[in-house]
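Engineer: Supplied in structure tokens, the structure appears directly below.
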Amino acid sequence: MPELPEVETIRQQLIKKIKGKKIKKVEVKLARMINVPALEFERLVRGTEIKDIRRRAKLLIIDLSNDWSIVIHLKLTGQLIYDGREGIGKPHIIYTFEDGHELKHYDFRLFGWAKLIKTNEIEKFLEKENYGPEPLDKNFTLEVFKNLLKQKPRAKIKPLLMDQTFIAGVGNVYAQEACFYARVLPTRIVATLTDKEIRDLYKGLIEILKSSTARRGSSVDTYVDISGEQGGYVPYLKVYGRAGEKCVRGDGGIIKQIKLGGRGTCYCPVCQK
């Protein structure tokens with residue numbers, strides 16, 4: 001599933017490519033992807049200009065000039081391709097701009113969606129989702145992180161980091177990487193974490209998310225950027241997807257994988273305690 005770095009990468013690329021452009025037509029190939037009848041979706045989007053592209057958690061929000069917004073969740077396998085190579089399967093929504101360029105929305109597992117919502121109702125929609133703070137926001141300080149942890153003393157740290165009501169945008173990949181950075185077992189109970197471990201978790205999370213975003217994210221599954229290109233962060237992953245390999249710290253540990261909260265979770269049994 002695209003996480004914060006991947007969705008933010010797509011947002012930044014879309015800003016450069018489609019902001020200010022006018023949509024000539026829309027083709028909805030699969031009505032179940034949207035929240036209103038296909039003809040209504042096409043009618044309301046057609047002829048509008050892209051005013052802005054925002055992100056909240058793992059959501060993309062495309063603001064249109066007619067005071068409507070398209071809220072997109074790519075979920076597990078969603079792809080947005082702009083005049084790049086074809087995505088996986090067939091496109092389910094195609095946006096054609098006046099200059100002839102196209103943005104295609106693919107989702108071969110069909111878990112994702114595109115919802116048309118009045119722009120002035122977006123905040124109300126987001127409030128219902130109850131998202132936690134954005135970890136890359138300047139207001140997300142170490143003290144904020146500590147206070148959040150104090151509210152969940154009995155939680156296991158890795159599933160907690162993935163909880164979108166705790167922190168927005170972090171998923172399975174970066175929760176594992178943050179735990180490795182801090183030398184903390186993913187199964188550790190929050191109340192057992194030391195001040196240093198909490199500081200390292202905070203620092204690691206911020207550094208990893210920023211570094212991954214700078215490299216256009218991690219293509220660990222079907223994620224590609226809007227050009228259909230894979231992200232460049234996979235070589236920098238320390239534990240995710242590396243079960244059975246030697247720990248990069250050279251401590252003699254072999255990366256193990258367990259199921260935690262229903263998700264595969266990798267860690268080093270030597271350096272993570």
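The way I read the labels, and the way they are meant: chains A, B, ... in the order of the structure tokens, residue 1 as the first residue of every chain, and ligand 1 as the first ligand shown, with later ones counted on from there.
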Could you make a table, as JSON lines, of the residues of range 169-237 of chain A that have an atom within 12 Å of an atom of range 5-24 of chain A, each with its nearest atom pair and distance in Å to one decimal, counting only C-alpha atoms, in chain and number order?

Structural biologist:
```
{"residue": "A:Gly169", "atom": "CA", "partner": "A:Pro5", "partner_atom": "CA", "distance": 8.3}
{"residue": "A:Val170", "atom": "CA", "partner": "A:Pro5", "partner_atom": "CA", "distance": 8.9}
{"residue": "A:Gly171", "atom": "CA", "partner": "A:Pro5", "partner_atom": "CA", "distance": 10.3}
{"residue": "A:Val173", "atom": "CA", "partner": "A:Pro5", "partner_atom": "CA", "distance": 10.6}
{"residue": "A:Tyr174", "atom": "CA", "partner": "A:Pro5", "partner_atom": "CA", "distance": 9.4}
{"residue": "A:Leu205", "atom": "CA", "partner": "A:Pro5", "partner_atom": "CA", "distance": 11.5}
{"residue": "A:Ile206", "atom": "CA", "partner": "A:Pro5", "partner_atom": "CA", "distance": 11.0}
{"residue": "A:Glu207", "atom": "CA", "partner": "A:Pro5", "partner_atom": "CA", "distance": 11.4}
{"residue": "A:Ile208", "atom": "CA", "partner": "A:Pro5", "partner_atom": "CA", "distance": 9.2}
{"residue": "A:Leu209", "atom": "CA", "partner": "A:Pro5", "partner_atom": "CA", "distance": 6.0}
{"residue": "A:Lys210", "atom": "CA", "partner": "A:Pro5", "partner_atom": "CA", "distance": 7.4}
{"residue": "A:Ser211", "atom": "CA", "partner": "A:Pro5", "partner_atom": "CA", "distance": 8.6}
{"residue": "A:Ser212", "atom": "CA", "partner": "A:Pro5", "partner_atom": "CA", "distance": 5.9}
{"residue": "A:Thr213", "atom": "CA", "partner": "A:Pro5", "partner_atom": "CA", "distance": 4.4}
{"residue": "A:Ala214", "atom": "CA", "partner": "A:Thr9", "partner_atom": "CA", "distance": 8.1}
{"residue": "A:Arg215", "atom": "CA", "partner": "A:Thr9", "partner_atom": "CA", "distance": 8.7}
{"residue": "A:Arg216", "atom": "CA", "partner": "A:Thr9", "partner_atom": "CA", "distance": 5.4}
{"residue": "A:Gly217", "atom": "CA", "partner": "A:Glu6", "partner_atom": "CA", "distance": 4.7}
{"residue": "A:Ser218", "atom": "CA", "partner": "A:Glu6", "partner_atom": "CA", "distance": 6.9}
{"residue": "A:Ser219", "atom": "CA", "partner": "A:Glu6", "partner_atom": "CA", "distance": 8.5}
{"residue": "A:Val220", "atom": "CA", "partner": "A:Glu6", "partner_atom": "CA", "distance": 10.8}
{"residue": "A:Asp221", "atom": "CA", "partner": "A:Glu6", "partner_atom": "CA", "distance": 11.7}
{"residue": "A:Thr222", "atom": "CA", "partner": "A:Glu6", "partner_atom": "CA", "distance": 11.2}
{"residue": "A:Tyr223", "atom": "CA", "partner": "A:Glu6", "partner_atom": "CA", "distance": 7.6}
{"residue": "A:Val224", "atom": "CA", "partner": "A:Glu6", "partner_atom": "CA", "distance": 8.2}
{"residue": "A:Asp225", "atom": "CA", "partner": "A:Ile10", "partner_atom": "CA", "distance": 5.9}
{"residue": "A:Ile226", "atom": "CA", "partner": "A:Ile10", "partner_atom": "CA", "distance": 6.2}
{"residue": "A:Ser227", "atom": "CA", "partner": "A:Gln13", "partner_atom": "CA", "distance": 9.0}
{"residue": "A:Gly228", "atom": "CA", "partner": "A:Ile10", "partner_atom": "CA", "distance": 10.7}
{"residue": "A:Glu229", "atom": "CA", "partner": "A:Ile10", "partner_atom": "CA", "distance": 11.2}
{"residue": "A:Gln230", "atom": "CA", "partner": "A:Glu6", "partner_atom": "CA", "distance": 10.1}
{"residue": "A:Gly231", "atom": "CA", "partner": "A:Glu6", "partner_atom": "CA", "distance": 7.9}
{"residue": "A:Gly232", "atom": "CA", "partner": "A:Glu6", "partner_atom": "CA", "distance": 10.6}
{"residue": "A:Tyr233", "atom": "CA", "partner": "A:Pro5", "partner_atom": "CA", "distance": 9.8}
{"residue": "A:Val234", "atom": "CA", "partner": "A:Glu6", "partner_atom": "CA", "distance": 12.0}
```

Engineer: Compile the contact shell of Asn120 in chain A as a list in words: residues with an atom at most 12 Å away, counting only C-alpha atoms, same-chain residues fewer than 3 positions apart removed.

Structural biologist: Asp63, Leu64, Asn66, Asp67, Trp68, Ser69, Leu116, Ile117, Glu123, Lys124, Phe125 and Leu126 of chain A

Engineer: Keeping only C-alpha atoms, write the selected residues as a PDB file, in the first residue's frame.

Structural biologist:
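result.pdb was written with the following content:
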```
ATOM      1  CA  ASP A  63      -9.440  20.632  -5.609  1.00  0.00           C
ATOM      2  CA  LEU A  64     -11.440  21.718  -8.643  1.00  0.00           C
ATOM      3  CA  ASN A  66     -16.188  24.524  -9.253  1.00  0.00           C
ATOM      4  CA  ASP A  67     -15.839  24.029  -5.472  1.00  0.00           C
ATOM      5  CA  TRP A  68     -15.801  20.249  -5.691  1.00  0.00           C
ATOM      6  CA  SER A  69     -12.835  18.028  -4.805  1.00  0.00           C
ATOM      7  CA  LEU A 116     -16.377  13.505  -5.295  1.00  0.00           C
ATOM      8  CA  ILE A 117     -16.936  15.756  -2.265  1.00  0.00           C
ATOM      9  CA  GLU A 123     -12.617  18.987   6.630  1.00  0.00           C
ATOM     10  CA  LYS A 124     -15.808  17.411   7.950  1.00  0.00           C
ATOM     11  CA  PHE A 125     -15.026  14.278   5.936  1.00  0.00           C
ATOM     12  CA  LEU A 126     -11.486  14.147   7.344  1.00  0.00           C
TER      13      LEU A 126
END
```

Engineer: Which is closest to Thr141 in chain A among A:Val26, A:Cys247, A:Arg183, A:Arg199, if we use only C-alpha atoms?

Structural biologist: A:Arg199

Engineer: Measuring atom to atom with only C-alpha atoms, identify which of A:Arg56, A:Glu27, A:Tyr131, A:Ala191 is nearest to Arg43 in chain A.

Structural biologist: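 Of A:Arg56, A:Glu27, A:Tyr131, A:Ala191, the one nearest Arg43 in chain A is A:Glu27, counting only C-alpha atoms.
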
Engineer: What residues in range 34-116 of chain A get the DSSP label alpha helix (DSSP H)? Please answer as a PyMOL selection string.

Structural biologist: chain A and resi 38-45

Engineer: When you look at Arg242 in chain A with a cut-off of 7 Å (counting only C-alpha atoms), what residues show up, excluding the ones that are within fewer than 3 positions of it in the same chain? I need them as a PyMOL selection string.

Structural biologist: chain A and resi 239+245+255

Engineer: List as a count of residues only the protein and nucleic acid residues near Lys259 in chain A, meaning an atom at most 12 Å away when only C-alpha atoms are counted, but skip any in the same chain fewer than 3 places from it.

Structural biologist: 12

Engineer: Can you measure CA of Ile167 in chain A to CA of Leu193 in chain A for me? One decimal in Å is fine.

Structural biologist: 17.8 Å

Engineer: Among range 187-263 of chain A, which residues does DSSP mark as strand (DSSP E) when it is run on the backbone? Keep the chain and numbering as in the structure and answer as a ChimeraX atom specification.

Structural biologist: /A:256-260,263

Engineer: List the spatial neighbours of Phe180 in chain A as a short mmCIF file (atom, residue, chain, number, x, y, z; two decimals) with N, CA and C atoms, in the first residue's frame - criterion: any atom at most 10 Å away, only C-alpha atoms, same-chain residues fewer than 5 positions off excluded.

Structural biologist:
```cif
data_model
loop_
_atom_site.label_atom_id
_atom_site.label_comp_id
_atom_site.auth_asym_id
_atom_site.auth_seq_id
_atom_site.Cartn_x
_atom_site.Cartn_y
_atom_site.Cartn_z
N TYR A 174 7.30 1.60 6.82
CA TYR A 174 8.06 2.59 7.59
C TYR A 174 7.95 2.39 9.10
N ALA A 175 6.91 1.70 9.55
CA ALA A 175 6.84 1.34 10.97
C ALA A 175 7.95 0.35 11.32
N LEU A 185 12.30 -3.72 19.43
CA LEU A 185 11.50 -4.81 18.89
C LEU A 185 10.11 -4.29 18.52
N PRO A 186 9.57 -4.70 17.39
CA PRO A 186 8.23 -4.25 17.00
C PRO A 186 7.14 -4.64 18.00
N ASP A 200 14.71 8.14 19.73
CA ASP A 200 15.21 7.51 18.52
C ASP A 200 14.08 7.10 17.57
N LEU A 201 12.97 6.65 18.12
CA LEU A 201 11.81 6.33 17.28
C LEU A 201 11.32 7.57 16.55
N GLY A 204 14.04 8.64 14.00
CA GLY A 204 14.09 7.70 12.89
C GLY A 204 12.89 7.83 11.97
N LEU A 237 16.12 0.29 2.52
CA LEU A 237 15.35 -0.40 3.55
C LEU A 237 16.26 -1.36 4.31
N LYS A 238 16.17 -1.33 5.63
CA LYS A 238 17.08 -2.12 6.45
C LYS A 238 16.50 -3.47 6.86
N VAL A 239 15.20 -3.55 7.05
CA VAL A 239 14.59 -4.81 7.48
C VAL A 239 13.40 -5.25 6.63
N TYR A 240 12.60 -4.32 6.15
CA TYR A 240 11.41 -4.69 5.40
C TYR A 240 11.78 -5.55 4.19
N CYS A 266 9.35 -7.67 9.98
CA CYS A 266 10.75 -8.10 10.03
C CYS A 266 11.53 -7.31 11.08
N TYR A 267 12.50 -7.99 11.70
CA TYR A 267 13.33 -7.35 12.71
C TYR A 267 14.61 -8.15 12.89
N CYS A 268 15.59 -7.52 13.53
CA CYS A 268 16.83 -8.21 13.87
C CYS A 268 16.78 -8.64 15.34
N CYS A 271 20.06 -6.84 17.45
CA CYS A 271 20.19 -5.41 17.80
C CYS A 271 18.88 -4.76 18.21
N GLN A 272 17.76 -5.41 17.98
CA GLN A 272 16.48 -4.86 18.43
C GLN A 272 16.04 -5.58 19.70
N LYS A 273 15.83 -4.81 20.75
CA LYS A 273 15.51 -5.38 22.07
C LYS A 273 14.16 -4.88 22.58
#
```

Engineer: Do you have the CA of Tyr106 in chain A-CA of Tyr236 in chain A distance handy?

Structural biologist: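 It comes out at 27.3 Å.
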
Engineer: Nearest to Asp251 in chain A among A:Val270, A:Arg85, A:Gly112, A:Pro91, with distances taken over only C-alpha atoms: which residue is it?

Structural biologist: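 Closest to Asp251 in chain A of all the choices is A:Val270.
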
Engineer: Would you list the contacts of Asp107 in chain A as number ranges by chain, taking every protein, DNA or RNA residue within 12 Å and counting only C-alpha atoms, but skipping same-chain residues closer than 6 positions in sequence?

Structural biologist: A: 1, 29-30, 32-33, 72-81, 86-93, 113-114, 222-223

Engineer: Could you write out that same residue set with C-alpha atoms as an mmCIF file, in the first residue's frame?

Structural biologist:
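Saved to selection11.cif:
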```
data_model
loop_
_atom_site.group_PDB
_atom_site.id
_atom_site.type_symbol
_atom_site.label_atom_id
_atom_site.label_comp_id
_atom_site.auth_asym_id
_atom_site.auth_seq_id
_atom_site.Cartn_x
_atom_site.Cartn_y
_atom_site.Cartn_z
ATOM 1 C CA MET A 1 0.000 0.000 0.000
ATOM 2 C CA LYS A 29 -14.900 2.731 -16.726
ATOM 3 C CA LEU A 30 -15.856 1.185 -13.386
ATOM 4 C CA ARG A 32 -17.861 1.042 -8.171
ATOM 5 C CA MET A 33 -14.685 3.161 -7.870
ATOM 6 C CA ILE A 72 -8.493 9.525 -3.891
ATOM 7 C CA HIS A 73 -7.355 6.588 -1.783
ATOM 8 C CA LEU A 74 -5.016 4.251 -3.659
ATOM 9 C CA LYS A 75 -5.303 1.531 -0.980
ATOM 10 C CA LEU A 76 -3.259 -1.610 -1.794
ATOM 11 C CA THR A 77 -2.732 -1.507 -5.547
ATOM 12 C CA GLY A 78 -3.924 1.853 -6.863
ATOM 13 C CA GLN A 79 -1.832 3.666 -9.461
ATOM 14 C CA LEU A 80 -2.114 7.120 -11.016
ATOM 15 C CA ILE A 81 -0.271 7.292 -14.338
ATOM 16 C CA GLU A 86 0.495 1.647 -18.824
ATOM 17 C CA GLY A 87 -0.389 0.596 -15.281
ATOM 18 C CA ILE A 88 -1.448 -2.867 -14.128
ATOM 19 C CA GLY A 89 -4.634 -4.032 -15.841
ATOM 20 C CA LYS A 90 -7.010 -1.543 -17.436
ATOM 21 C CA PRO A 91 -7.604 2.042 -16.281
ATOM 22 C CA HIS A 92 -10.836 2.533 -14.347
ATOM 23 C CA ILE A 93 -10.994 6.347 -14.546
ATOM 24 C CA TRP A 113 -11.692 4.712 -4.644
ATOM 25 C CA ALA A 114 -12.230 8.259 -5.902
ATOM 26 C CA THR A 222 2.745 -2.306 -7.176
ATOM 27 C CA TYR A 223 3.562 1.320 -6.352
#
```

Engineer: What gap, in Å, lies between CA of Leu60 in chain A and CA of Lys146 in chain A?

Structural biologist: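 It comes out at 28.2 Å.
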